[in-house]
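Participant: Please find one structure pasted underneath; my questions will follow.
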Amino acid sequence: AQSVSQHNHHVILSEAASLELGCNYSYGGTVNLFWYVQYPGQHLQLLLKYFSGDPLVKGIKGFEAEFIKSKFSFNLRKPSVQWSDTAEYFCAVLSGGYQKVTFGTGTKLQVIP
Amino acid sequence: EAGVTQSPTHLIKTRGQQATLRCSPISGHTSVYWYQQALGLGLQFLLWYDEGEERNRGNFPPRFSGRQFPNYSSELNVNALELEDSALYLCASSFRGAATDTQYFGPGTRLTVL
C-alpha cells in the first residue's frame, strides 16, 4: 500500500529563515504529488501540485517543491518564511488511478516574529 | 464562488448510534471525496463519489457508507459508532474526478463519540 512520510512533525523557525519540509512516498509507479496547507481556523487549501514535466514546481505564496524520482521525494521549500506561514502542511500522493489520495501526517510550522 | 460546505459543524453521538454527515460540493463539481482526520493519523481516504456512483473506497469497514445525490451533494453515514470514530471528517470536491483535477476541501465536521 502507498505510504507518505513527513519526518518533521513540528518545525519552529524565525522570520526570514529558509524552510524545507521533507516528504517521501513509497509508490514506485507514476504519481501525482501535492502539498496542501491548513492555516489556523481555515480549510485545507492547495499550495502546489506536480503531475508531469518540470520537476521543480512553483506554488502560491513563494513556495516551491522539487520532485526527485530517484529519491521518492517531494520536498517543500521557501527561501524566507513569514509569520503568516504559520500553519500545518500536508504532503499528498495520488497513485494508481481511482483518485485515492494518500496524505502524510502533516508538519506543523511555527514562525516566530 | 461558494466553496465546499459541510454540515453539521459538530456532532456528538454515543457508541452504537448512527451519524450522518453532509457535504455540498462547489457548483459545477461532480466528484466528492470523504476523508477522516483522526488525531495522530493524518488524513485517510474514505470514499470517492462521481456522477452518483461510488468509484473507490479506502480501508474502512462497511459501516462507513455514503451516497451522492443527483445534485452532486453527498452524505456520509457511519453506523454502529465506535469511540475511535471520533475525528474530523473532511469532504472535498473536484471538477470531474480526473487525476489532474484539484480537490477543494470543506471545513469539516467534528464527530465526537462518547
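Starting from 1 in every chain, residues are counted up; chains themselves are A, B, ... following the order of the C-alpha cells, and ligands are numbered from 1 as listed.
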Residues of chain B near chain A: apply a cut-off of 10 Å, count only C-alpha atoms, and supply the list as an MDAnalysis selection string.
Facilitator: chainID B and resid 3:4 31 33 35 37:48 55:58 90 92 97:108
Participant: Env of stretch 23-29 of chain B: 7 Å cut, atoms = only C-alpha atoms, seq-sep filter 6 positions within chain, self excluded. Answer as an MDAnalysis selection string.
Facilitator: chainID B and resid 2:7 72:75 91 93:96
Participant: Go ahead and write the selection's residues with N, CA and C atoms as a compact mmCIF listing (two decimals), in the first residue's frame.
Facilitator:
```txt
# COMPACT_ATOMS: atom_id res chain seq x y z
N ALA B 2 -19.02 30.07 -4.04
CA ALA B 2 -19.09 29.40 -2.75
C ALA B 2 -18.21 28.17 -2.77
N GLY B 3 -17.60 27.90 -1.62
CA GLY B 3 -16.73 26.74 -1.53
C GLY B 3 -17.52 25.50 -1.14
N VAL B 4 -16.79 24.47 -0.78
CA VAL B 4 -17.41 23.24 -0.30
C VAL B 4 -17.98 23.50 1.10
N THR B 5 -19.21 23.11 1.30
CA THR B 5 -19.82 23.29 2.62
C THR B 5 -20.15 21.95 3.23
N GLN B 6 -20.08 21.91 4.55
CA GLN B 6 -20.36 20.67 5.27
C GLN B 6 -21.25 20.98 6.47
N SER B 7 -22.11 20.02 6.78
CA SER B 7 -22.95 20.17 7.97
C SER B 7 -23.15 18.83 8.63
N TYR B 72 -25.34 16.28 -6.86
CA TYR B 72 -23.92 16.03 -6.54
C TYR B 72 -23.56 16.23 -5.08
N SER B 73 -24.51 16.63 -4.25
CA SER B 73 -24.21 16.67 -2.83
C SER B 73 -24.06 15.23 -2.33
N SER B 74 -23.50 15.10 -1.15
CA SER B 74 -23.19 13.75 -0.68
C SER B 74 -23.46 13.63 0.80
N GLU B 75 -23.64 12.42 1.21
CA GLU B 75 -23.91 12.09 2.60
C GLU B 75 -22.96 10.96 3.00
N CYS B 91 -14.70 16.75 3.65
CA CYS B 91 -15.24 16.50 2.33
C CYS B 91 -14.48 17.37 1.35
N SER B 93 -14.25 18.36 -3.08
CA SER B 93 -14.87 18.16 -4.39
C SER B 93 -13.88 18.55 -5.48
N SER B 94 -14.09 17.98 -6.65
CA SER B 94 -13.29 18.35 -7.81
C SER B 94 -14.19 18.42 -9.02
N PHE B 95 -13.68 19.06 -10.07
CA PHE B 95 -14.50 19.35 -11.24
C PHE B 95 -15.06 18.09 -11.88
N ARG B 96 -14.20 17.10 -12.10
CA ARG B 96 -14.67 15.90 -12.76
C ARG B 96 -14.31 14.63 -12.01
```
Participant: Atom CA of A:Ile12 and atom CA of A:Phe72, how far apart in Å?
Facilitator: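 Calculated distance between atom CA of A:Phe72 and atom CA of A:Ile12 is 25.2 Å.
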Participant: Given only C-alpha atoms as the basis, pick out the residue of B:Pro8, B:Arg22, B:Val32, B:Phe64 nearest to B:Asp85.
Facilitator: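 Going through B:Pro8, B:Arg22, B:Val32, B:Phe64 one by one, the smallest distance to B:Asp85 is for B:Phe64.
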Participant: DSSP says strand (DSSP E or B) for which residues of stretch 42-87 of chain B? Put them as a list of chain:residue names?
Facilitator: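 Selection result, strand (DSSP E or B) within stretch 42-87 of chain B: B:Gly42, B:Leu43, B:Gln44, B:Phe45, B:Leu46, B:Leu47, B:Trp48, B:Tyr49, B:Asp50, B:Glu53, B:Glu54, B:Arg55, B:Asn56, B:Arg57, B:Phe64, B:Ser65, B:Gly66, B:Arg67, B:Gln68, B:Ser74, B:Glu75, B:Leu76, B:Asn77, B:Val78, B:Ala87.
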